[in-house]
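Comments concern the structure below.
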Amino acid sequence: MKSKSILCVCLSMAMTAVIPLTSCSENTDATSSSSSSASAVSSQNTQMSVLSPTVPGLYNIREMASEAEQKWIYGAEGQDGSVQGDGGWYYMYTEETNTGGDYDVSKIKECWYSDINDGGSLVSSGSVLNKPTWVAGIYSPDTDIVSTDNWWNQSMDEFMSMTLNPSVGTGPYASAVLAFKAPQDGNYNIDVGYYMGNNDPYNLMGDGITLSIYAGSDKLYSYSNAYYAEYGHEYLNATLRAGEYIYIISDPNINGINDICSNISAEITMTFPKYADNSTVWAFGGGYINGDGTTQGENGWYYLFSEETNTGGIYDTSKIEECFYKSDYKVNPYTEEAFGSWLPTIYSENIKFSYINQWQQSADGTLSPEMYYPPYASAIIGWKAPDAGRYSINLSLSAGAWSDNTLYDGVTVSVYCGTRKVCGKLIEKTSDFIYSFDADMEENEYLYLIVDPNNTAVDDLVEGANIVIEKAD
Ligand SMILES: [Ca+2]
Ligand SMILES: [Ca+2]
């Protein structure tokens with residue numbers, strides 16, 4: 001079970017969390033090193049939050065993001081669990097079981113709804129189990145589907161603990177499926193929690209369940225547990241076309257004895273990546289399109305690094321170099337689909353993502369210098385000003401050591417305009433960093449966002465970075 005999100009949280013983290021405003025004052029030496037007033041960074045805005053609506057010339061990232069995302073929560077208040085498709089959620093099943101997590105999703109069908117108030121023969125007793133449930137089509141109204149032997153339940157009823165329980169004592173068996181239908185083309189973050197396994201591991205007849213998560217026909221996740229039921233939580237991401245489904249599939253394996261799959265939570269967030277106009281506004285991160293993220297200089301953005309680390313936030317920007325792009329750096333173990341990262345040239349072309357190499361620098365706003373062994377490097381995103389002038393610059397990101405291990409020292413996040421340091425902040429444990437300022441920049445001068453791993457790069461994670469630059473003239 002993973003506890004760490006390795007996927008883009010994009011805008012949703014910054015937008016939905018209570019945002020602690022990160023003070024940058026202790027390291028700010030914005031103007032002291034500059035001899036030219038024309039190139040000075042204006043200091044009056046350096047403490048300002050991007051949330052301030054009153055300052056002209058500042059781009060309000062929060063407002064942009066709320067326009068740019070949409071969220072669906074399974075079981076949200078007001079949702080009607082007796083209707084297919086309410087809130088985007090569908091109750092489904094498949095006759096494919098015990099497949100080791102491989103399914104032909106074209107065989108998934110909709111369930112039918114059994115409302116005990118209709119007085120059907122589905123329920124054998126007057127116990128609390130006498131709740132409405134969605135039922136696989138292989139079971140007829142004459143089937144005793146919720147009884148001493150059969151614990152099939154598929155409902156968002158809080159009292160039934162959000163179940164996706166394919167447990168029937170004797171076959172035929174079916175896999176219970178909760179599905180979400182994508183309302184439009186987009187990139188979807190998928191956040192699923194569950195409790196699953198064998199409800200009575202002392203009964204050796206039970207073989208638990210297999211829980212799988214699909215986006216369309218792509219398997220994103222699969223986990224089988226025949227032993228003590230346990231809690232898990234997955235953070236996944238997929239690009240879907242309108243009308244495609246996300247499936248959460250609960251498979252009873254060989255039999256349904258003591259199978260439990262409950263406490264299902266599911267939250268789908270879609271982001272609509274935006275195009276900045278790249279003549280008055282430039283933007284980088286998970287909410288914005290900069291080509292396919294594999295080209296240096298797209299809309300002015302560059303993937304860079306420096307061998308300078310653990311410097312207390314002081315860098316010689318002439319030492320900053322370009323990264324190289326490795327398209328097959330990471331491979332999804334379930335779909336075997338490769339995806340890439342920008343990497344410092346101090347690492348070999350043959351480097352692969354592994355538990356000791358977790359560097360990730362990509363257009364989705366990930367800027368993590370995470371490595372288990374030296375040599376370390378600082379991960380940098382740069383933006384080259386197309387014209388001389390004054391720019392309003394807004395940054396937000398989530399940074400720090402992602403684990404609770406006190407041995408690890410997080411990152412130092414610094415911002416430079418050319419050789420001039422604007423801001424520097426040591427962030428040991430994961431927190432949000434939000435910073436806004438105005439700067440006068442020369443033509444072709446770089447803005448740098450520098451993520452320094454400090455003394456060790458273990459567990460150093462920076463994600464959800466969004467940078468919005470607006471011409472302030
Ligand atoms: Ca089973
Ligand atoms: Ca560190």
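Residue numbering restarts at 1 for every chain of the structure tokens, chains are lettered A, B, ... in their displayed order, and ligands are numbered from 1 as they appear.
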
Could you tell me, counting only C-alpha atoms and all ligand atoms, which protein and nucleic acid residues lie no more than 10 Å from ligand 1, written as number ranges by chain?
-> A: 97-98, 166-169, 173, 197-199, 205-210, 224-226, 250-260

Residues within 6 Å of ligand 2 (only C-alpha atoms and all ligand atoms), as a compact mmCIF listing (two decimals) with N, CA and C atoms, in the first residue's frame?
```txt
# COMPACT_ATOMS: atom_id res chain seq x y z
N TYR A 408 15.53 13.54 7.76
CA TYR A 408 15.57 14.20 6.46
C TYR A 408 15.23 15.67 6.60
N ASP A 409 15.89 16.49 5.79
CA ASP A 409 15.93 17.92 6.07
C ASP A 409 15.15 18.78 5.07
N GLY A 410 14.30 18.16 4.25
CA GLY A 410 13.46 18.96 3.36
C GLY A 410 14.28 19.72 2.32
N VAL A 411 13.72 20.80 1.85
CA VAL A 411 14.34 21.54 0.74
C VAL A 411 14.44 23.02 1.09
N PRO A 453 18.08 20.42 -2.35
CA PRO A 453 17.78 19.32 -1.41
C PRO A 453 18.43 19.49 -0.04
N ASN A 454 19.24 20.51 0.15
CA ASN A 454 19.97 20.71 1.40
C ASN A 454 21.04 19.62 1.57
N ASN A 455 21.18 19.08 2.78
CA ASN A 455 22.27 18.15 3.04
C ASN A 455 21.99 16.75 2.52
N THR A 456 20.72 16.38 2.47
CA THR A 456 20.34 15.09 1.91
C THR A 456 19.09 15.25 1.06
N ALA A 457 18.99 14.46 -0.01
CA ALA A 457 17.84 14.57 -0.93
C ALA A 457 16.79 13.50 -0.69
N VAL A 458 16.98 12.70 0.38
CA VAL A 458 16.01 11.64 0.65
C VAL A 458 14.66 12.25 1.00
N ASP A 460 12.76 14.22 -0.53
CA ASP A 460 12.48 15.61 -0.91
C ASP A 460 11.49 15.66 -2.07
```

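Residues surrounding Thr317 in chain A within 10 Å are A:Ser306, A:Glu308, A:Ile314, A:Ile320, A:Glu321, A:Tyr416, A:Cys417, A:Gly418, A:Thr419, A:Arg420, A:Lys421, A:Tyr446, A:Tyr448 [only C-alpha atoms; sequence separation below 3 positions excluded].
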
Strand (DSSP E or B) positions in range 318-456 of chain A, given as a compact mmCIF listing (two decimals) with N, CA and C atoms, in the first residue's frame:
```
# COMPACT_ATOMS: atom_id res chain seq x y z
N GLU A 321 22.65 24.88 -15.42
CA GLU A 321 22.74 24.20 -16.72
C GLU A 321 21.39 23.60 -17.10
N GLU A 322 21.27 23.23 -18.37
CA GLU A 322 20.04 22.61 -18.84
C GLU A 322 20.02 21.12 -18.51
N PHE A 324 18.51 17.16 -19.28
CA PHE A 324 18.18 16.38 -20.47
C PHE A 324 16.87 15.64 -20.21
N TYR A 325 16.14 15.34 -21.31
CA TYR A 325 14.85 14.68 -21.15
C TYR A 325 14.97 13.19 -21.40
N LYS A 326 14.45 12.41 -20.47
CA LYS A 326 14.48 10.95 -20.62
C LYS A 326 13.04 10.44 -20.65
N SER A 327 12.62 10.02 -21.83
CA SER A 327 11.20 9.70 -22.04
C SER A 327 10.77 8.42 -21.34
N ASP A 328 11.72 7.49 -21.13
CA ASP A 328 11.34 6.21 -20.51
C ASP A 328 11.90 6.08 -19.10
N TYR A 329 11.99 7.21 -18.42
CA TYR A 329 12.56 7.21 -17.06
C TYR A 329 11.72 6.37 -16.11
N LYS A 330 10.39 6.54 -16.19
CA LYS A 330 9.48 5.81 -15.31
C LYS A 330 8.54 4.96 -16.15
N VAL A 331 8.17 3.79 -15.61
CA VAL A 331 7.23 2.92 -16.30
C VAL A 331 6.13 2.55 -15.32
N ALA A 338 5.43 4.05 -20.45
CA ALA A 338 6.58 4.82 -20.00
C ALA A 338 6.23 6.29 -19.93
N PHE A 339 6.80 6.98 -18.97
CA PHE A 339 6.69 8.42 -18.98
C PHE A 339 7.97 9.03 -18.45
N GLY A 340 8.17 10.29 -18.79
CA GLY A 340 9.50 10.86 -18.68
C GLY A 340 9.70 11.88 -17.59
N SER A 341 10.95 12.34 -17.51
CA SER A 341 11.33 13.40 -16.60
C SER A 341 12.53 14.11 -17.19
N TRP A 342 12.68 15.39 -16.83
CA TRP A 342 13.93 16.08 -17.06
C TRP A 342 14.90 15.70 -15.95
N LEU A 343 16.18 15.55 -16.32
CA LEU A 343 17.18 15.07 -15.36
C LEU A 343 18.47 15.86 -15.52
N ASN A 357 16.48 6.32 -7.03
CA ASN A 357 16.47 7.46 -7.95
C ASN A 357 15.03 7.94 -8.10
N GLN A 360 12.30 13.90 -10.02
CA GLN A 360 11.20 14.09 -10.97
C GLN A 360 11.06 15.57 -11.24
N GLN A 361 11.13 15.96 -12.49
CA GLN A 361 11.06 17.35 -12.89
C GLN A 361 10.25 17.38 -14.18
N SER A 362 9.02 17.89 -14.10
CA SER A 362 8.13 17.75 -15.25
C SER A 362 7.14 18.91 -15.33
N THR A 366 5.98 19.27 -11.03
CA THR A 366 6.83 18.50 -10.11
C THR A 366 8.27 18.96 -10.27
N LEU A 367 8.93 19.19 -9.15
CA LEU A 367 10.29 19.75 -9.18
C LEU A 367 11.06 19.15 -8.00
N SER A 368 11.15 17.80 -8.01
CA SER A 368 11.68 17.09 -6.85
C SER A 368 13.12 16.64 -7.09
N MET A 371 16.78 12.00 -4.31
CA MET A 371 17.70 10.90 -4.61
C MET A 371 18.13 10.30 -3.27
N SER A 378 20.41 20.63 -7.39
CA SER A 378 19.22 21.44 -7.17
C SER A 378 18.37 21.44 -8.45
N ALA A 379 17.08 21.17 -8.29
CA ALA A 379 16.16 21.17 -9.43
C ALA A 379 15.67 22.60 -9.67
N ILE A 380 15.68 23.03 -10.91
CA ILE A 380 15.37 24.44 -11.22
C ILE A 380 14.44 24.52 -12.43
N ILE A 381 13.42 25.38 -12.31
CA ILE A 381 12.64 25.74 -13.49
C ILE A 381 12.97 27.20 -13.79
N GLY A 382 13.23 27.50 -15.06
CA GLY A 382 13.59 28.87 -15.44
C GLY A 382 12.62 29.42 -16.47
N TRP A 383 12.44 30.73 -16.44
CA TRP A 383 11.62 31.40 -17.46
C TRP A 383 12.41 32.58 -18.00
N LYS A 384 12.53 32.65 -19.32
CA LYS A 384 13.33 33.69 -19.96
C LYS A 384 12.41 34.84 -20.40
N GLY A 389 11.18 44.76 -19.01
CA GLY A 389 9.97 45.37 -18.47
C GLY A 389 9.68 44.88 -17.08
N ARG A 390 8.56 45.35 -16.58
CA ARG A 390 8.15 44.96 -15.22
C ARG A 390 7.16 43.81 -15.32
N TYR A 391 7.37 42.80 -14.50
CA TYR A 391 6.52 41.61 -14.50
C TYR A 391 6.00 41.35 -13.09
N SER A 392 4.75 40.91 -13.01
CA SER A 392 4.19 40.42 -11.74
C SER A 392 4.29 38.91 -11.74
N ILE A 393 4.89 38.36 -10.70
CA ILE A 393 5.22 36.94 -10.66
C ILE A 393 4.55 36.31 -9.44
N ASN A 394 3.78 35.26 -9.69
CA ASN A 394 3.07 34.56 -8.62
C ASN A 394 3.47 33.10 -8.61
N LEU A 395 3.93 32.61 -7.47
CA LEU A 395 4.35 31.22 -7.35
C LEU A 395 3.53 30.53 -6.28
N SER A 396 3.17 29.29 -6.52
CA SER A 396 2.63 28.47 -5.44
C SER A 396 3.10 27.04 -5.67
N LEU A 397 3.40 26.35 -4.59
CA LEU A 397 3.83 24.96 -4.69
C LEU A 397 3.72 24.32 -3.32
N SER A 398 3.84 23.00 -3.31
CA SER A 398 3.89 22.25 -2.06
C SER A 398 5.27 21.62 -1.97
N ALA A 399 5.98 21.85 -0.86
CA ALA A 399 7.38 21.44 -0.79
C ALA A 399 7.72 20.89 0.58
N GLY A 400 8.78 20.07 0.61
CA GLY A 400 9.31 19.58 1.88
C GLY A 400 9.60 18.10 1.83
N ALA A 401 10.05 17.55 2.97
CA ALA A 401 10.25 16.11 3.08
C ALA A 401 8.88 15.47 3.29
N VAL A 411 13.72 20.80 1.85
CA VAL A 411 14.34 21.54 0.74
C VAL A 411 14.44 23.02 1.09
N THR A 412 15.28 23.72 0.36
CA THR A 412 15.29 25.18 0.39
C THR A 412 14.79 25.67 -0.97
N VAL A 413 13.73 26.46 -0.95
CA VAL A 413 13.16 27.00 -2.18
C VAL A 413 13.62 28.45 -2.31
N SER A 414 14.24 28.77 -3.44
CA SER A 414 14.72 30.14 -3.66
C SER A 414 14.22 30.65 -5.00
N VAL A 415 14.09 31.95 -5.08
CA VAL A 415 13.68 32.60 -6.33
C VAL A 415 14.74 33.64 -6.68
N TYR A 416 15.21 33.59 -7.90
CA TYR A 416 16.16 34.58 -8.41
C TYR A 416 15.60 35.22 -9.66
N CYS A 417 15.90 36.51 -9.83
CA CYS A 417 15.71 37.17 -11.13
C CYS A 417 17.12 37.46 -11.64
N ARG A 420 19.98 38.19 -9.17
CA ARG A 420 19.48 38.83 -7.96
C ARG A 420 18.56 37.88 -7.20
N LYS A 421 18.91 37.66 -5.95
CA LYS A 421 18.06 36.81 -5.14
C LYS A 421 16.83 37.58 -4.68
N VAL A 422 15.66 36.99 -4.86
CA VAL A 422 14.42 37.62 -4.45
C VAL A 422 13.98 37.07 -3.10
N CYS A 423 14.18 35.76 -2.90
CA CYS A 423 13.52 35.10 -1.80
C CYS A 423 14.17 33.75 -1.56
N GLY A 424 14.23 33.31 -0.31
CA GLY A 424 14.71 31.97 -0.02
C GLY A 424 14.02 31.46 1.23
N LYS A 425 13.67 30.18 1.24
CA LYS A 425 12.91 29.66 2.38
C LYS A 425 13.26 28.19 2.59
N LEU A 426 13.70 27.87 3.80
CA LEU A 426 13.91 26.47 4.17
C LEU A 426 12.57 25.85 4.53
N ILE A 427 12.22 24.74 3.87
CA ILE A 427 10.95 24.06 4.16
C ILE A 427 11.27 22.62 4.51
N LYS A 429 9.30 20.21 6.54
CA LYS A 429 8.18 19.27 6.38
C LYS A 429 7.19 19.84 5.37
N SER A 431 4.80 21.59 3.25
CA SER A 431 3.82 22.67 3.43
C SER A 431 3.72 23.47 2.14
N ASP A 432 2.72 24.31 2.07
CA ASP A 432 2.52 25.12 0.88
C ASP A 432 3.40 26.35 0.93
N PHE A 433 3.89 26.73 -0.23
CA PHE A 433 4.72 27.92 -0.37
C PHE A 433 4.06 28.80 -1.42
N ILE A 434 3.71 30.00 -1.03
CA ILE A 434 3.03 30.92 -1.94
C ILE A 434 3.77 32.24 -1.89
N TYR A 435 4.07 32.81 -3.02
CA TYR A 435 4.91 34.01 -3.03
C TYR A 435 4.61 34.84 -4.27
N SER A 436 4.53 36.14 -4.08
CA SER A 436 4.25 37.05 -5.18
C SER A 436 5.15 38.26 -5.11
N PHE A 437 5.57 38.72 -6.23
CA PHE A 437 6.38 39.94 -6.25
C PHE A 437 6.37 40.53 -7.66
N ASP A 438 6.78 41.79 -7.74
CA ASP A 438 6.99 42.43 -9.03
C ASP A 438 8.49 42.54 -9.27
N ALA A 439 8.91 42.40 -10.51
CA ALA A 439 10.33 42.51 -10.82
C ALA A 439 10.52 43.21 -12.16
N ASP A 440 11.53 44.05 -12.19
CA ASP A 440 11.96 44.63 -13.47
C ASP A 440 13.02 43.72 -14.05
N MET A 441 12.78 43.20 -15.24
CA MET A 441 13.70 42.24 -15.83
C MET A 441 14.20 42.74 -17.18
N TYR A 446 16.64 35.56 -16.91
CA TYR A 446 15.89 34.41 -16.41
C TYR A 446 15.30 34.67 -15.03
N LEU A 447 14.08 34.20 -14.86
CA LEU A 447 13.54 33.97 -13.52
C LEU A 447 13.86 32.52 -13.17
N TYR A 448 14.41 32.28 -11.98
CA TYR A 448 14.72 30.91 -11.56
C TYR A 448 13.92 30.56 -10.30
N LEU A 449 13.30 29.40 -10.30
CA LEU A 449 12.76 28.79 -9.08
C LEU A 449 13.67 27.61 -8.77
N ILE A 450 14.39 27.70 -7.66
CA ILE A 450 15.45 26.74 -7.34
C ILE A 450 15.01 25.90 -6.14
N VAL A 451 15.03 24.57 -6.31
CA VAL A 451 14.71 23.66 -5.20
C VAL A 451 15.98 22.91 -4.82
N ASP A 452 16.52 23.25 -3.68
CA ASP A 452 17.80 22.71 -3.20
C ASP A 452 17.51 21.61 -2.17
```

Any idea what's packed within 6 Å of Thr269 in chain A, counting only C-alpha atoms, ignoring anything in its chain fewer than 6 positions away? Could you give it as a list in words?
-> Gln70, Lys71, Tyr188 and Asn189 of chain A

Separation of CA of Ile469 in chain A and CA of Gly293 in chain A, in Å?
->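 Straight-line distance from CA of Ile469 in chain A to CA of Gly293 in chain A works out to 18.3 Å.
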
Find the distance between CA of Pro386 in chain A and CA of Thr271 in chain A and write it in Å to one decimal.
-> 28.2 Å

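With only C-alpha atoms as the atoms that count, the residue of A:Tyr223, A:Tyr247, A:Tyr195, A:Tyr373 with the shortest distance to Asp459 in chain A is A:Tyr373.
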